[in-house]
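Undergrad: Supplied structure: structure.txt, compact mmCIF, C-alpha atoms and all ligand atoms.
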# COMPACT_ATOMS: atom_id res chain seq x y z
CA MET A 2 8.28 -9.53 -17.71
CA LYS A 3 6.87 -11.79 -15.06
CA ARG A 4 9.22 -11.94 -12.18
CA THR A 5 8.66 -14.82 -9.85
CA GLY A 6 9.85 -14.89 -6.31
CA TRP A 7 12.70 -17.10 -5.27
CA TYR A 8 10.61 -19.21 -2.93
CA GLU A 9 7.93 -19.63 -5.61
CA ARG A 10 10.39 -20.82 -8.27
CA ARG A 11 11.93 -23.11 -5.77
CA ALA A 12 8.60 -24.50 -4.57
CA ARG A 13 7.54 -25.11 -8.16
CA ARG A 14 10.71 -27.02 -8.98
CA SER A 15 10.27 -29.17 -5.93
CA GLY A 16 7.26 -30.94 -7.40
CA PRO A 17 4.06 -31.91 -5.60
CA PRO A 18 2.26 -29.30 -3.50
CA GLY A 19 2.83 -31.29 -0.32
CA LYS A 20 6.55 -30.92 -0.72
CA ALA A 21 6.21 -27.25 -1.68
CA LEU A 22 4.24 -26.66 1.50
CA GLY A 23 6.96 -28.40 3.46
CA LEU A 24 9.44 -26.01 1.94
CA TRP A 25 7.27 -23.07 2.96
CA VAL A 26 7.20 -24.35 6.50
CA ALA A 27 10.95 -24.85 6.45
CA LEU A 28 11.44 -21.34 5.11
CA ALA A 29 9.06 -19.83 7.63
CA VAL A 30 11.06 -21.22 10.52
CA GLY A 31 14.34 -20.42 8.83
CA ALA A 32 15.53 -24.02 8.47
CA PRO A 33 17.39 -25.02 5.32
CA ALA A 34 15.17 -27.03 2.97
CA SER A 35 16.34 -30.60 2.81
CA GLY A 36 17.41 -31.96 -0.56
CA ALA A 37 17.41 -28.54 -2.21
CA THR A 38 19.98 -28.37 -4.95
CA GLN A 39 19.13 -24.90 -6.29
CA PRO A 40 22.13 -22.63 -5.77
CA ARG A 41 21.26 -19.44 -3.92
CA THR A 42 22.76 -16.30 -5.31
CA ALA A 43 21.17 -14.09 -2.66
CA PRO A 44 19.51 -14.85 0.65
CA SER A 45 15.73 -15.09 0.45
CA PRO A 46 14.12 -11.89 1.71
CA GLU A 47 11.92 -12.18 4.76
CA VAL A 48 9.25 -9.77 3.69
CA HIS A 49 7.99 -7.42 0.98
CA ASP A 50 6.59 -3.97 1.82
CA SER A 51 3.31 -3.12 0.08
CA HIS A 52 3.10 0.42 1.49
CA PHE A 53 6.10 2.74 1.60
CA HIS A 54 6.59 6.51 1.30
CA LEU A 55 10.03 7.56 0.07
CA THR A 56 9.26 11.23 0.74
CA ASN A 57 7.34 13.21 3.34
CA TYR A 58 4.72 16.00 3.35
CA VAL A 59 7.27 18.54 2.16
CA GLN A 60 8.61 16.23 -0.57
CA GLN A 61 11.86 15.45 1.22
CA GLY A 62 13.07 11.97 1.93
CA THR A 63 15.56 9.18 1.72
CA ASP A 64 17.82 8.84 -1.30
CA ILE A 65 16.67 5.68 -3.04
CA HIS A 66 20.22 4.24 -3.11
CA ASP A 67 20.45 4.70 0.65
CA PHE A 68 17.02 3.14 0.98
CA LEU A 69 18.24 0.01 -0.82
CA LYS A 70 20.87 -0.32 1.89
CA ILE A 71 18.16 0.09 4.54
CA MET A 72 16.11 -2.70 2.88
CA GLY A 73 19.24 -4.82 2.91
CA THR A 74 18.59 -8.50 2.28
CA LYS A 75 15.68 -8.59 4.72
CA VAL A 76 13.16 -6.74 2.54
CA GLY A 77 12.71 -8.05 -0.98
CA ARG A 78 10.33 -5.77 -2.88
CA VAL A 79 8.68 -2.47 -2.06
CA ALA A 80 5.62 -0.61 -3.40
CA LEU A 81 7.19 2.82 -3.72
CA PHE A 82 5.51 6.21 -3.56
CA GLY A 83 5.92 9.73 -2.30
CA ILE A 84 3.08 11.69 -0.76
CA PRO A 85 0.64 13.39 -3.12
CA LEU A 86 0.05 16.29 -0.77
CA GLN A 87 2.41 19.13 -0.06
CA GLN A 88 2.14 21.03 3.22
CA THR A 89 2.19 24.76 2.55
CA TRP A 90 4.61 26.83 4.60
CA ALA A 91 2.35 29.81 5.16
CA TYR A 92 4.44 32.57 6.66
CA GLY A 93 1.33 34.31 7.97
CA ASN A 94 0.43 31.17 9.94
CA THR A 95 3.70 29.83 11.38
CA GLY A 96 6.24 32.56 10.57
CA ASP A 97 9.80 31.28 10.52
CA PHE A 98 8.70 27.83 11.69
CA ALA A 99 8.81 25.55 8.65
CA PRO A 100 6.23 22.78 9.11
CA THR A 101 7.08 19.32 7.75
CA TYR A 102 3.91 17.52 8.86
CA TYR A 103 0.23 18.28 8.43
CA LEU A 104 -0.36 18.44 12.18
CA GLN A 105 2.15 21.27 12.67
CA THR A 106 0.20 24.11 11.03
CA ASP A 107 -3.29 25.22 10.01
CA ALA A 108 -2.11 26.04 6.49
CA PRO A 109 -3.62 23.98 3.66
CA LEU A 110 -2.22 20.99 1.80
CA TYR A 111 -2.23 20.91 -2.00
CA TYR A 112 -1.73 18.23 -4.67
CA TYR A 113 1.90 18.10 -5.73
CA SER A 114 1.89 16.28 -9.07
CA PHE A 115 5.66 16.52 -9.53
CA THR A 116 5.97 13.71 -6.98
CA ASP A 117 5.29 11.22 -9.80
CA ALA A 118 8.16 12.52 -11.94
CA PHE A 119 10.38 12.54 -8.86
CA ILE A 120 9.58 8.89 -8.06
CA ALA A 121 10.00 7.87 -11.71
CA MET A 122 13.42 9.53 -11.93
CA ALA A 123 14.54 7.94 -8.66
CA TYR A 124 13.51 4.54 -10.04
CA ARG A 125 15.29 5.19 -13.33
CA SER A 126 18.51 6.01 -11.48
CA LEU A 127 18.70 2.35 -10.41
CA THR A 128 20.20 -0.63 -12.21
CA LYS A 129 17.77 -3.11 -13.80
CA GLU A 130 18.37 -5.54 -10.97
CA GLU A 131 17.63 -2.86 -8.36
CA GLN A 132 14.55 -1.68 -10.26
CA ALA A 133 13.13 -5.21 -10.08
CA ARG A 134 12.78 -4.69 -6.32
CA PHE A 135 10.40 -1.73 -6.66
CA ASP A 136 6.82 -1.21 -7.77
CA PRO A 137 6.44 2.57 -8.16
CA MET A 138 2.97 4.03 -7.72
CA ILE A 139 1.31 7.16 -9.14
CA THR A 140 -0.12 9.45 -6.46
CA GLY A 141 0.02 13.06 -7.70
CA PHE A 142 -3.61 13.45 -8.77
CA ASN A 143 -6.61 15.12 -7.19
CA PRO A 144 -9.32 12.46 -6.77
CA ALA A 145 -11.96 15.23 -6.77
CA ASP A 146 -10.95 16.34 -10.28
CA MET A 147 -12.63 14.83 -13.36
CA TYR A 148 -9.23 15.31 -15.08
CA ALA A 149 -7.43 13.11 -12.49
CA VAL A 150 -7.55 10.12 -14.83
CA ASP A 151 -5.83 12.14 -17.57
CA HIS A 152 -2.92 12.82 -15.23
CA ILE A 153 -2.54 9.10 -14.53
CA LYS A 154 -2.50 8.24 -18.26
CA ARG A 155 0.00 11.04 -18.94
CA VAL A 156 2.35 9.70 -16.26
CA LEU A 157 2.23 6.17 -17.73
CA GLN A 158 2.90 7.51 -21.22
CA THR A 159 5.70 9.84 -20.08
CA PHE A 160 7.41 7.16 -17.98
CA PRO A 161 6.57 3.82 -19.62
CA GLY A 162 7.97 0.74 -17.91
CA VAL A 163 7.94 2.31 -14.45
CA PHE A 164 4.62 2.25 -12.61
CA SER A 165 2.57 -0.67 -11.24
CA GLY A 166 -0.31 1.15 -9.58
CA ILE A 167 -1.89 4.25 -8.08
CA GLY A 168 -1.85 5.32 -4.44
CA GLU A 169 -1.69 5.55 -1.62
CA PHE A 170 -4.24 8.25 -2.22
CA THR A 171 -6.80 9.45 0.23
CA ILE A 172 -10.51 10.17 0.34
CA HIS A 173 -11.51 10.38 4.04
CA LYS A 174 -8.61 10.87 6.45
CA GLU A 175 -8.67 12.45 9.88
CA PHE A 176 -7.07 15.93 9.95
CA VAL A 177 -5.93 15.64 6.33
CA SER A 178 -9.01 15.71 4.07
CA ALA A 179 -10.32 18.93 5.58
CA LYS A 180 -6.97 20.67 4.98
CA VAL A 181 -6.75 19.97 1.26
CA ALA A 182 -7.20 23.09 -0.84
CA GLY A 183 -10.09 23.03 -3.32
CA GLU A 184 -13.10 20.74 -3.51
CA ILE A 185 -13.18 18.15 -0.80
CA ALA A 186 -12.75 14.52 -1.91
CA SER A 187 -15.72 12.20 -1.74
CA LEU A 188 -16.44 8.53 -2.31
CA THR A 189 -19.47 9.53 -4.36
CA ASN A 190 -17.60 11.82 -6.77
CA PRO A 191 -17.71 10.52 -10.38
CA ALA A 192 -14.09 11.72 -10.73
CA LEU A 193 -13.15 8.81 -8.46
CA ASP A 194 -15.22 6.38 -10.53
CA ARG A 195 -13.27 7.45 -13.61
CA VAL A 196 -9.98 6.81 -11.81
CA LEU A 197 -11.04 3.35 -10.62
CA ASP A 198 -12.46 2.45 -14.03
CA PHE A 199 -9.15 3.27 -15.66
CA ALA A 200 -7.14 1.42 -13.01
CA GLY A 201 -9.20 -1.67 -13.83
CA GLU A 202 -8.70 -1.20 -17.55
CA ALA A 203 -4.91 -0.71 -17.32
CA GLY A 204 -4.34 -3.25 -14.52
CA LEU A 205 -3.05 -0.70 -12.00
CA VAL A 206 -3.16 -1.85 -8.36
CA VAL A 207 -5.01 0.74 -6.25
CA ILE A 208 -3.94 1.58 -2.68
CA LEU A 209 -6.75 3.58 -1.12
CA HIS A 210 -6.77 5.30 2.25
CA ASN A 211 -10.27 5.77 3.57
CA ASP A 212 -10.97 5.99 7.28
CA VAL A 213 -13.52 3.49 8.45
CA ASN A 214 -15.30 6.22 10.39
CA MET A 215 -15.07 9.83 11.50
CA PRO A 216 -12.69 10.51 14.42
CA PHE A 217 -15.31 11.10 17.11
CA PRO A 218 -18.61 9.56 16.05
CA LYS A 219 -21.66 10.03 18.26
CA PRO A 220 -22.96 6.78 19.73
CA GLY A 221 -25.14 4.96 17.23
CA GLN A 222 -24.00 7.16 14.36
CA ASP A 223 -23.91 5.31 11.05
CA PRO A 224 -20.32 4.92 9.80
CA TYR A 225 -21.27 6.30 6.37
CA PRO A 226 -17.70 6.02 5.00
CA VAL A 227 -18.01 2.21 5.19
CA VAL A 228 -21.37 2.19 3.44
CA GLN A 229 -20.22 4.54 0.67
CA LEU A 230 -16.93 2.65 0.27
CA ALA A 231 -18.70 -0.69 -0.12
CA GLN A 232 -20.94 0.83 -2.81
CA LEU A 233 -17.94 2.31 -4.59
CA LEU A 234 -15.98 -0.96 -4.53
CA LYS A 235 -18.97 -2.92 -5.81
CA ARG A 236 -19.14 -0.56 -8.80
CA HIS A 237 -15.52 -1.48 -9.72
CA THR A 238 -15.18 -5.22 -9.45
CA LYS A 239 -12.51 -5.38 -12.18
CA THR A 240 -10.15 -3.15 -10.20
CA THR A 241 -7.72 -4.57 -7.63
CA VAL A 242 -7.99 -2.40 -4.52
CA ILE A 243 -5.93 -2.57 -1.33
CA TRP A 244 -7.76 -0.82 1.51
CA ALA A 245 -4.91 0.74 3.46
CA HIS A 246 -4.64 0.15 7.21
CA CYS A 247 -7.98 -1.76 7.23
CA GLY A 248 -9.49 1.72 7.49
CA LEU A 249 -7.94 2.51 10.89
CA GLY A 250 -6.19 5.71 11.87
CA ARG A 251 -4.46 7.61 14.62
CA ILE A 252 -7.69 8.39 16.43
CA VAL A 253 -10.16 6.71 14.09
CA ARG A 254 -10.94 3.72 16.23
CA PRO A 255 -12.15 0.41 14.95
CA VAL A 256 -15.89 0.51 14.43
CA GLU A 257 -17.57 -1.85 16.81
CA ASP A 258 -16.86 -5.35 15.55
CA GLN A 259 -14.11 -4.26 13.16
CA VAL A 260 -12.91 -7.82 12.68
CA GLY A 261 -16.46 -8.89 11.89
CA MET A 262 -16.78 -6.09 9.33
CA VAL A 263 -13.54 -7.07 7.60
CA ARG A 264 -14.55 -10.73 7.71
CA ARG A 265 -17.90 -9.96 6.07
CA ALA A 266 -16.11 -7.96 3.37
CA LEU A 267 -13.68 -10.84 2.74
CA ALA A 268 -16.56 -13.32 2.56
CA ASN A 269 -18.56 -11.18 0.12
CA PRO A 270 -18.08 -12.44 -3.47
CA GLU A 271 -18.87 -8.92 -4.75
CA LEU A 272 -15.72 -7.73 -2.96
CA ALA A 273 -13.37 -10.50 -4.13
CA HIS A 274 -11.16 -7.82 -5.74
CA VAL A 275 -10.57 -6.06 -2.42
CA TYR A 276 -7.50 -6.63 -0.23
CA PHE A 277 -6.41 -5.17 3.10
CA ASP A 278 -3.06 -3.99 4.33
CA ILE A 279 -2.01 -3.99 7.99
CA SER A 280 0.49 -1.16 7.51
CA TRP A 281 1.11 1.75 9.92
CA ASP A 282 2.12 1.60 13.57
CA GLU A 283 -1.24 3.24 14.34
CA THR A 284 -2.94 0.15 12.85
CA ALA A 285 -0.67 -2.17 14.80
CA LYS A 286 -1.68 -0.26 17.93
CA TYR A 287 -5.25 -1.53 17.55
CA LEU A 288 -4.56 -4.99 16.12
CA MET A 289 -1.93 -5.77 18.75
CA ALA A 290 -3.76 -4.14 21.68
CA SER A 291 -4.41 -7.36 23.64
CA PRO A 292 -3.96 -11.13 23.34
CA GLU A 293 -7.63 -11.22 22.22
CA THR A 294 -7.17 -8.73 19.35
CA VAL A 295 -4.01 -10.55 18.23
CA GLN A 296 -5.86 -13.88 18.23
CA ALA A 297 -8.88 -12.44 16.39
CA THR A 298 -6.63 -10.89 13.74
CA ALA A 299 -4.65 -14.12 13.36
CA ASP A 300 -7.85 -16.15 13.00
CA LEU A 301 -9.07 -13.78 10.31
CA ILE A 302 -5.81 -13.91 8.35
CA ASN A 303 -5.58 -17.70 8.66
CA ARG A 304 -9.09 -17.91 7.21
CA TYR A 305 -8.35 -15.50 4.32
CA PRO A 306 -4.57 -15.84 3.79
CA ASP A 307 -4.74 -14.57 0.20
CA ARG A 308 -6.31 -11.20 1.00
CA ILE A 309 -4.08 -9.42 3.53
CA LEU A 310 -0.72 -7.77 2.85
CA PHE A 311 2.00 -6.55 5.12
CA GLY A 312 3.24 -2.99 4.69
CA THR A 313 5.24 -0.59 6.84
CA ASP A 314 3.74 2.82 5.92
CA GLU A 315 7.11 4.23 6.94
CA VAL A 316 7.96 7.70 5.66
CA ALA A 317 11.53 8.51 4.62
CA PRO A 318 13.33 6.21 7.12
CA THR A 319 17.00 6.63 7.91
CA ALA A 320 17.83 3.22 9.40
CA GLN A 321 16.58 -0.36 9.13
CA ALA A 322 15.50 -0.56 12.78
CA LYS A 323 13.13 2.37 12.31
CA TYR A 324 12.03 1.17 8.89
CA LEU A 325 11.05 -2.27 10.23
CA LYS A 326 9.53 -1.09 13.51
CA VAL A 327 6.04 -2.06 12.37
CA TYR A 328 7.24 -5.45 11.14
CA ASP A 329 8.74 -6.12 14.55
CA LEU A 330 5.53 -4.99 16.28
CA TYR A 331 3.68 -7.71 14.37
CA ALA A 332 6.03 -10.54 15.41
CA PRO A 333 3.48 -12.00 17.87
CA LEU A 334 0.84 -11.93 15.12
CA PHE A 335 3.06 -13.69 12.57
CA ALA A 336 3.83 -16.32 15.21
CA LYS A 337 0.13 -17.19 15.33
CA LEU A 338 -0.29 -17.58 11.56
CA THR A 339 -0.07 -20.83 9.66
CA ALA A 340 3.14 -21.15 7.64
CA GLU A 341 1.14 -20.59 4.45
CA ALA A 342 -0.67 -17.50 5.76
CA SER A 343 2.54 -16.00 7.09
CA GLU A 344 4.30 -16.52 3.77
CA ASN A 345 1.37 -15.01 1.85
CA VAL A 346 0.99 -11.93 4.05
CA ARG A 347 4.72 -11.24 4.03
CA LYS A 348 5.46 -12.04 0.37
CA GLY A 349 3.14 -14.24 -1.67
CA ASN A 350 0.18 -11.86 -1.97
CA TYR A 351 2.47 -8.97 -2.88
CA GLU A 352 4.10 -10.98 -5.64
CA ARG A 353 0.80 -12.22 -7.04
CA LEU A 354 -0.81 -8.76 -7.17
CA PHE A 355 2.16 -6.70 -8.31
CA ASP A 356 3.49 -9.24 -10.84
CA GLU A 357 0.08 -9.23 -12.48
CA ALA A 358 -0.02 -5.40 -12.39
CA ARG A 359 3.42 -5.14 -14.02
CA ARG A 360 2.35 -7.49 -16.79
CA ARG A 361 -0.95 -5.71 -17.47
CA VAL A 362 0.29 -2.12 -17.18
CA ARG A 363 3.21 -2.84 -19.55
CA ALA A 364 0.67 -4.27 -22.02
CA TRP A 365 -1.52 -1.14 -21.70
CA GLU A 366 1.51 1.11 -22.28
CA LYS A 367 2.48 -0.87 -25.36
CA ALA A 368 -1.04 -0.61 -26.76
CA ASN A 369 -1.30 3.13 -25.92
CA PRO A 370 2.00 4.82 -26.77
CA LYS A 371 2.30 8.60 -26.44
ZN ZN A 401 0.70 5.57 3.90
Take the structure in this file and express it as C-alpha cells.
TA:
Amino acid sequence: MKRTGWYERRARRSGPPGKALGLWVALAVGAPASGATQPRTAPSPEVHDSHFHLTNYVQQGTDIHDFLKIMGTKVGRVALFGIPLQQTWAYGNTGDFAPTYYLQTDAPLYYYSFTDAFIAMAYRSLTKEEQARFDPMITGFNPADMYAVDHIKRVLQTFPGVFSGIGEFTIHKEFVSAKVAGEIASLTNPALDRVLDFAGEAGLVVILHNDVNMPFPKPGQDPYPVVQLAQLLKRHTKTTVIWAHCGLGRIVRPVEDQVGMVRRALANPELAHVYFDISWDETAKYLMASPETVQATADLINRYPDRILFGTDEVAPTAQAKYLKVYDLYAPLFAKLTAEASENVRKGNYERLFDEARRRVRAWEKANPK
C-alpha cells in the first residue's frame, strides 16, 4: 500500500505546482492555506524521524504505546529499530555494577538477533492506523558474517508486512567496533556486499553508520574509511543507502572540508543512491558549532534538498522534550532553509524513500513466501 503524506495529497489536489509550493510555504510557517477545503482529521505532523532506537544497549526501552504518546501529533512517522549489539555484563569486569552503555565497561558487545523479533512484535501490537506511522528496520545481523543476508531474508519471511529496511548497523564506529566479539567488521568484507546486494534486490532502505575517520588521526593521514566507503557504495548503485550522521561521531571530527566532501558525494552521479541523515546531538554539535557552519550546512541542503533527512537518533526516550532535543537544536538551521528544502528534510524525503521501500519489500515478500 502506498501511503501518501497529508501535505502531499493536499498539494496534489491543489493543482499547479506554483500553488502547491505556496501551500508548502504556508505550511512551513504554520499559516492556514487559503482556499483549502480538505477537511483535516488530524493536525499535520511537523516532522518525521528517520533514525530512532526504541531500545538501548541492554535491550531495554520505551513501550511502543508510550512512545506513540511521546510522538504526539508533532512527529508523523518514525524509522524504528532497536540496537543490534548487546553489552555483556561481565561480572569479572564490573562486578555488581550492571553496565547499560558501551562506554561503562571493557566487556565485549555481541550481536543480539532477537532484537528483530522484539521490534516486529512491538509493531504488531499496534492498530493498523498506528502501524502506518512506523517503518521497522532489521538490525540483528553480523555484517562480518557471510550468513548475515540469510538472517535478513528469514526475518522478512517470518514477519511479512513489517519491515522497510535494514539498520542502523555499524561498520566503523569509535569505541564500538573494537568491542564487538568475533571478526571485526570491514567495508571490504564480501559479507557486506551480499547484504547490500540483497537490500537492493528487495528494496530495503539501508541506514549505515560508518565514521568518516578514526578518532585521532595523525596529521595528513588518509581517511581510509571514506575511500573504502565510496568504493563500496559505487559497487551497489541499486541500493538506497542513508549514511547516518554524515559520518560524524562523538570524537570523530569532521575531516577537513567535511561540507566539501559531502557536496562532492552529492554531486557525484555514481552516488545518486546515497542520502545523508543529520541525526544525533553529537552531529548537531559540529553542524551547529558557529554561524559559519550553520550557513554552510544550510547552503548545502538548499542545493541538494532531496538528499538529506532529519532524524533524532534518540534511544528509549521518556518524554517529548528529550525526544525532540535534536530537532530543537536544529531550529536555527531549519530557519535558513528554503520552504521546499525544510519540508523535504523534515518529511518529504522520508516519505519518498520509505513509501517506495514499503511497496518494494511487500512485493519481494509476496514473491518469496516462506
Ligand atoms: Zn543511531
Undergrad: In file coordinates, which residues lie within 9 Å of (-17.5, 5.1, 0.3) using only C-alpha atoms, given as a list in words?
TA: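 Final list of nearby residues, as requested, is Ile172, His173, Ser187, Leu188, Thr189, Asn211, Tyr225, Pro226, Val227, Val228, Gln229, Leu230, Ala231, Gln232, Leu233 and Leu234 of chain A.
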Undergrad: Write out as a PyMOL selection string the residues lying within 7 Å of region 319-334 of chain A, counting only C-alpha atoms and excluding same-chain residues fewer than 2 positions away.
TA: chain A and resi 63+71-72+281-282+285+295+299+313+315+317+336-338
Undergrad: What does the structure give for the distance between CA of Gly96 (chain A) and CA of Thr116 (chain A), in Å to one decimal?
TA: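 Result for CA of Gly96 (chain A) versus CA of Thr116 (chain A): 25.8 Å, one decimal.
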Undergrad: Give the answer as one residue: which of A:Phe68, A:Phe170, A:Phe98, A:Phe176 has the shortest atom-to-atom distance to ligand ZN 401 (chain A), using all atoms listed in the file?
TA: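 Of A:Phe68, A:Phe170, A:Phe98, A:Phe176, the one nearest ligand ZN 401 (chain A) is A:Phe170, counting all atoms listed in the file.
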Undergrad: Give me the residues near Ala273 (chain A) as a list in words, where near means some atom within 12 Å (using only C-alpha atoms) and where sequence neighbours in that chain fewer than 2 positions away do not count.
TA: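 Returned residues: Ala231, Leu234, Lys235, His237, Thr238, Lys239, Thr240, Thr241, Val242, Ile243, Arg264, Arg265, Ala266, Leu267, Ala268, Asn269, Pro270, Glu271, Val275, Tyr276, Phe277, Tyr305, Asp307 and Arg308 of chain A.
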Undergrad: Check which residues fall inside 10 Å of ligand ZN 401 (chain A) when counting all atoms listed in the file, and print them as a list in words.
TA: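 With all atoms listed in the file and a cut-off of 10 Å, ligand ZN 401 (chain A) is contacted by Ser51, His52, Phe53, His54, Phe82, Gly83, Ile84, Gly168, Glu169, Phe170, Thr171, Ile208, Leu209, His210, Ala245, His246, Ser280, Trp281, Gly312, Thr313, Asp314, Glu315 and Val316 of chain A.
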Undergrad: At what distance in Å, to one decimal, does CA of Val206 (chain A) lie from CA of Pro137 (chain A)?
TA: 10.6 Å
Undergrad: For the atom pair CA of Asp151 (chain A) and CA of Gly248 (chain A), what is the interatomic distance in Å to one decimal place?
TA: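 We find that CA of Asp151 (chain A) and CA of Gly248 (chain A) lie 27.4 Å from each other.
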Undergrad: Using only C-alpha atoms, can you tell me which of A:Gln259, A:Leu205, A:Gly183, A:Thr284 comes closest to Ala297 (chain A)?
TA: A:Gln259
Undergrad: Which residue out of A:Thr89, A:Thr106, A:Gln158, A:Thr140 has the minimum interatomic distance to Thr56 (chain A) when all atoms listed in the file are used?
TA: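 Ranked by minimum distance to Thr56 (chain A), first place goes to A:Thr140.
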Undergrad: Report as lines of an AutoDock Vina configuration file the centre and the edge lengths, in Å to one decimal, of the axis-aligned box holding every listed atom of region 342-359 of chain A, padded by 4 Å on each side.
TA:
center_x = 2.3
center_y = -11.3
center_z = -3.5
size_x = 14.3
size_y = 20.4
size_z = 29.1
Undergrad: Applying 12 Å and only C-alpha atoms, which residues near Ala99 (chain A) remain after dropping the ones on its own chain fewer than 3 positions away? List them as a list in words.
TA: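 Contacts, in chain order: Tyr58, Val59, Gln88, Thr89, Trp90, Ala91, Tyr92, Gly93, Asn94, Thr95, Gly96, Tyr102, Tyr103, Gln105, Thr106 and Ala108 of chain A.
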